[in-house]
Amino acid sequence: MRVIIESSAEHGSQRAAAIVAQLVRKKPRAILGLATGGTPLKLYQELIRMHQGEGLDFSRVTSFNLDEYVGLPPTHPQSYRHFMTENLFRHINIDIRNTHVPDGRALDYETYGSQYEAMIDEAGGIDLQILGIGRDGHIAFNEPGSSLGSRTRLKTLAPETIRDNARFFGTEEDVPRLAITMGVGTILESKKCILLAFGKEKAEAIAATVEGPVTAQVTGSALQFHRDVVVILDEESASQLQRRSYYDEVEEAHRRLQSGEVK
Ligand SMILES: N[C@@H]1[C@@H](O)[C@H](O)[C@@H](COP(=O)(O)O)O[C@@H]1O
């Protein structure tokens, strides 16, 4: 894992956007894995700025989102399809037919989960997966206890997740109890992952994910098995890391290598 600690969520999001933009410029048909929640919003704003201001071209990009609430139609203001439309898709030139968000109203979720996986495979696999993290260390909706080999499937939301997401719905009662989500195994197959976390409420989850033992109780920790993960943090989310100074040294070494100071 490469751990990058920026001074703020703004700078962290710009750093993440630069990685996305570099991929899309190099591979115009890139397959992006996208996330919802408050965390990636600034990243999406930066991508919109790069599209509108610098001509970053998404016309041949394909996207797959991590998850969706069960029972919400795509038009529901809290559906993840609606979130993506409003916060990214309608502001860039991605072809909406190439955007995929799991169907929260599929009739047969077992079959649908396999179909979603097959769509990802047929597209060539996810080049870059964007991830946020829950306070309990979950990625997508892979709640504590999820199999680390899991695939796209139905998942029952944990009480903490329902509480955290109630801020979007108004009351806890209105938060759907079920979601369809890519599995941990699905996420681990992406070629590269960027995990974003900002704010002190994510500090514990980040310490467990980056430095704790790999455990199904903190599904983010499975990323320790992935060959190419960049964890982008701000000072607050990094505040419980034990090896903080080492991560800074690694970044300084990268900087010196890139600037040619070290041969
Ligand atoms: N399924 C989503 C996750 O993908 C997201 O990472 C998490 C944290 O959300 P936020 O970024 O709003 O803190 O919330 C939900 O559980």
# chains A, B, ... in the order shown; residues from 1 in each chain; ligands from 1

call {"tool": "residues_near_ligand", "arguments": {"ligand": "ligand 1", "cutoff": "7 Å", "atoms": "only C-alpha atoms and all ligand atoms", "output": "MDAnalysis selection string"}}
result
chainID A and resid 35:40 66:67 131:134 139:141 161 165

call {"tool": "select_by_dssp", "arguments": {"residues": "stretch 18-263 of chain A", "states": "alpha helix (DSSP H)", "output": "number ranges by chain"}}
result
A: 18-26, 41-54, 80-87, 109-123, 159-169, 184-188, 203-211, 244-258

call {"tool": "closest_residue", "arguments": {"among": "A:Ala123, A:Leu157, A:Val230, A:Ala118", "to": "A:Ala30", "atoms": "only C-alpha atoms"}}
result
A:Ala123

call {"tool": "closest_residue", "arguments": {"among": "A:Val214, A:Leu223, A:Leu128, A:Ala207", "to": "A:Gly185", "atoms": "only C-alpha atoms"}}
result
A:Leu223

call {"tool": "residues_around", "arguments": {"residues": "A:Val3", "least_positions_apart": "2", "cutoff": "7 Å", "atoms": "only C-alpha atoms", "output": "PDB file with C-alpha atoms, in the first residue's frame"}}
result
ATOM      1  CA  MET A   1       0.000   0.000   0.000  1.00  0.00           C
ATOM      2  CA  ILE A   5      -1.116  12.096   3.539  1.00  0.00           C
ATOM      3  CA  VAL A 230      -2.971   4.127  -3.089  1.00  0.00           C
ATOM      4  CA  VAL A 231      -4.483   5.334   0.194  1.00  0.00           C
ATOM      5  CA  ILE A 232      -5.047   9.098   0.149  1.00  0.00           C
ATOM      6  CA  TYR A 247       4.862   7.108   4.949  1.00  0.00           C
TER       7      TYR A 247
END

call {"tool": "select_by_dssp", "arguments": {"residues": "stretch 33-233 of chain A", "states": "strand (DSSP E or B)", "output": "VMD selection string"}}
result
chain A and resid 33 to 34 62 to 65 67 to 69 99 to 100 128 to 131 139 142 153 to 156 178 to 181 193 to 197 215 218 229 to 233

call {"tool": "write_last_selection", "arguments": {"atoms": "N, CA and C atoms", "output": "short mmCIF file (atom, residue, chain, number, x, y, z; two decimals), in the first residue's frame"}}
result
data_model
loop_
_atom_site.label_atom_id
_atom_site.label_comp_id
_atom_site.auth_asym_id
_atom_site.auth_seq_id
_atom_site.Cartn_x
_atom_site.Cartn_y
_atom_site.Cartn_z
N GLY A 33 -13.96 2.18 -11.76
CA GLY A 33 -14.87 1.73 -10.71
C GLY A 33 -15.16 2.94 -9.84
N LEU A 34 -16.43 3.26 -9.65
CA LEU A 34 -16.77 4.51 -8.95
C LEU A 34 -17.51 4.24 -7.64
N THR A 62 -15.75 3.75 -19.61
CA THR A 62 -16.86 2.95 -19.07
C THR A 62 -16.74 2.98 -17.56
N SER A 63 -17.88 2.96 -16.87
CA SER A 63 -17.81 2.97 -15.40
C SER A 63 -18.71 1.91 -14.80
N PHE A 64 -18.27 1.41 -13.67
CA PHE A 64 -19.07 0.47 -12.86
C PHE A 64 -19.09 0.99 -11.44
N ASN A 65 -20.27 1.21 -10.89
CA ASN A 65 -20.34 1.62 -9.49
C ASN A 65 -20.33 0.42 -8.55
N ASP A 67 -22.09 -0.12 -5.71
CA ASP A 67 -23.24 -0.62 -4.97
C ASP A 67 -24.48 0.22 -5.21
N GLU A 68 -25.60 -0.28 -4.71
CA GLU A 68 -26.88 0.44 -4.81
C GLU A 68 -27.82 -0.08 -3.73
N TYR A 69 -28.67 0.80 -3.22
CA TYR A 69 -29.69 0.39 -2.26
C TYR A 69 -30.74 -0.45 -2.96
N THR A 99 -22.25 3.73 -18.47
CA THR A 99 -22.19 3.83 -17.00
C THR A 99 -23.05 2.73 -16.40
N HIS A 100 -22.54 2.08 -15.40
CA HIS A 100 -23.27 0.97 -14.77
C HIS A 100 -23.34 1.20 -13.26
N LEU A 128 -9.24 1.04 -12.61
CA LEU A 128 -9.00 1.86 -11.42
C LEU A 128 -10.28 1.94 -10.61
N GLN A 129 -10.22 1.46 -9.39
CA GLN A 129 -11.39 1.47 -8.52
C GLN A 129 -11.23 2.55 -7.45
N ILE A 130 -12.20 3.47 -7.39
CA ILE A 130 -12.24 4.48 -6.34
C ILE A 130 -13.02 3.90 -5.16
N LEU A 131 -12.49 4.09 -3.96
CA LEU A 131 -13.15 3.56 -2.76
C LEU A 131 -13.20 4.62 -1.67
N ILE A 139 -15.76 -1.51 2.94
CA ILE A 139 -15.64 -0.95 1.60
C ILE A 139 -16.85 -1.39 0.78
N ASN A 142 -19.67 -3.93 1.92
CA ASN A 142 -19.18 -5.17 2.52
C ASN A 142 -19.00 -4.95 4.02
N ARG A 153 -23.41 -9.22 -4.71
CA ARG A 153 -24.51 -9.95 -4.06
C ARG A 153 -25.33 -8.99 -3.19
N LEU A 154 -26.39 -9.54 -2.61
CA LEU A 154 -27.19 -8.76 -1.66
C LEU A 154 -26.49 -8.72 -0.31
N LYS A 155 -26.62 -7.62 0.39
CA LYS A 155 -26.00 -7.52 1.70
C LYS A 155 -26.96 -6.78 2.62
N THR A 156 -27.07 -7.22 3.85
CA THR A 156 -27.87 -6.52 4.86
C THR A 156 -27.00 -5.45 5.50
N LEU A 178 -31.29 -3.24 2.83
CA LEU A 178 -30.53 -4.12 1.96
C LEU A 178 -29.86 -3.31 0.85
N ALA A 179 -28.74 -3.84 0.39
CA ALA A 179 -28.05 -3.22 -0.75
C ALA A 179 -27.51 -4.33 -1.63
N ILE A 180 -27.29 -3.99 -2.90
CA ILE A 180 -26.53 -4.91 -3.76
C ILE A 180 -25.15 -4.29 -3.92
N THR A 181 -24.13 -5.10 -3.70
CA THR A 181 -22.78 -4.54 -3.66
C THR A 181 -21.77 -5.47 -4.32
N CYS A 193 -6.40 0.41 -7.08
CA CYS A 193 -7.43 1.00 -6.20
C CYS A 193 -6.91 2.30 -5.61
N ILE A 194 -7.80 3.27 -5.50
CA ILE A 194 -7.51 4.46 -4.69
C ILE A 194 -8.52 4.46 -3.55
N LEU A 195 -8.03 4.39 -2.34
CA LEU A 195 -8.90 4.47 -1.16
C LEU A 195 -8.78 5.88 -0.59
N LEU A 196 -9.91 6.57 -0.51
CA LEU A 196 -9.93 7.94 0.02
C LEU A 196 -10.58 7.95 1.40
N ALA A 197 -10.01 8.68 2.32
CA ALA A 197 -10.65 8.86 3.63
C ALA A 197 -10.23 10.22 4.19
N THR A 215 -8.68 -8.87 8.31
CA THR A 215 -9.82 -9.54 8.96
C THR A 215 -11.12 -9.16 8.25
N VAL A 218 -13.01 -6.04 9.29
CA VAL A 218 -12.66 -4.73 8.71
C VAL A 218 -12.38 -5.02 7.24
N VAL A 229 -2.46 -0.42 -4.39
CA VAL A 229 -3.44 0.43 -3.70
C VAL A 229 -2.77 1.73 -3.28
N VAL A 230 -3.43 2.83 -3.58
CA VAL A 230 -2.97 4.13 -3.09
C VAL A 230 -4.01 4.61 -2.08
N VAL A 231 -3.58 4.85 -0.86
CA VAL A 231 -4.48 5.33 0.19
C VAL A 231 -4.22 6.83 0.34
N ILE A 232 -5.24 7.64 0.08
CA ILE A 232 -5.05 9.10 0.15
C ILE A 232 -5.84 9.64 1.34
N LEU A 233 -5.13 10.30 2.24
CA LEU A 233 -5.71 10.72 3.51
C LEU A 233 -5.49 12.21 3.74
#

call {"tool": "residues_around", "arguments": {"residues": "A:Glu211", "least_positions_apart": "3", "cutoff": "10 Å", "atoms": "only C-alpha atoms", "output": "PyMOL selection string"}}
result
chain A and resi 205-208+214+221+224+240-243

call {"tool": "write_last_selection", "arguments": {"atoms": "C-alpha atoms", "output": "JSON list (two decimals), in the first residue's frame"}}
result
[["chain", "number", "residue", "atom", "x", "y", "z"],
["A", 205, "ALA", "CA", -11.00, 2.58, 10.28],
["A", 206, "ILE", "CA", -7.90, 3.72, 8.41],
["A", 207, "ALA", "CA", -5.50, 2.54, 11.13],
["A", 208, "ALA", "CA", -7.22, -0.87, 11.11],
["A", 214, "VAL", "CA", -6.38, -8.63, 7.69],
["A", 221, "SER", "CA", -8.02, -4.55, 5.44],
["A", 224, "GLN", "CA", -3.44, -5.36, 2.02],
["A", 240, "GLN", "CA", -4.07, 7.09, 14.32],
["A", 241, "LEU", "CA", -1.43, 5.61, 12.02],
["A", 242, "GLN", "CA", 1.61, 4.31, 13.91],
["A", 243, "ARG", "CA", 4.06, 4.52, 11.00]]

call {"tool": "closest_residue", "arguments": {"among": "A:Arg15, A:Glu10, A:Leu107, A:Asp234", "to": "A:Gly71", "atoms": "only C-alpha atoms"}}
result
A:Leu107

call {"tool": "residues_around", "arguments": {"residues": "A:Arg60", "least_positions_apart": "2", "cutoff": "9 Å", "atoms": "only C-alpha atoms", "output": "PyMOL selection string"}}
result
chain A and resi 28-30+57-58+62+93-95+98

call {"tool": "write_last_selection", "arguments": {"atoms": "C-alpha atoms", "output": "short mmCIF file (atom, residue, chain, number, x, y, z; two decimals), in the first residue's frame"}}
result
data_model
loop_
_atom_site.label_atom_id
_atom_site.label_comp_id
_atom_site.auth_asym_id
_atom_site.auth_seq_id
_atom_site.Cartn_x
_atom_site.Cartn_y
_atom_site.Cartn_z
CA PRO A 28 -9.21 6.64 -23.33
CA ARG A 29 -11.24 3.41 -23.03
CA ALA A 30 -10.42 3.08 -19.35
CA ASP A 57 -12.31 13.42 -22.36
CA PHE A 58 -14.58 10.75 -20.86
CA THR A 62 -16.86 2.95 -19.07
CA ASN A 93 -19.07 13.80 -21.58
CA ILE A 94 -19.29 10.16 -20.48
CA ASP A 95 -21.76 8.16 -22.60
CA ASN A 98 -21.40 3.07 -20.65
#
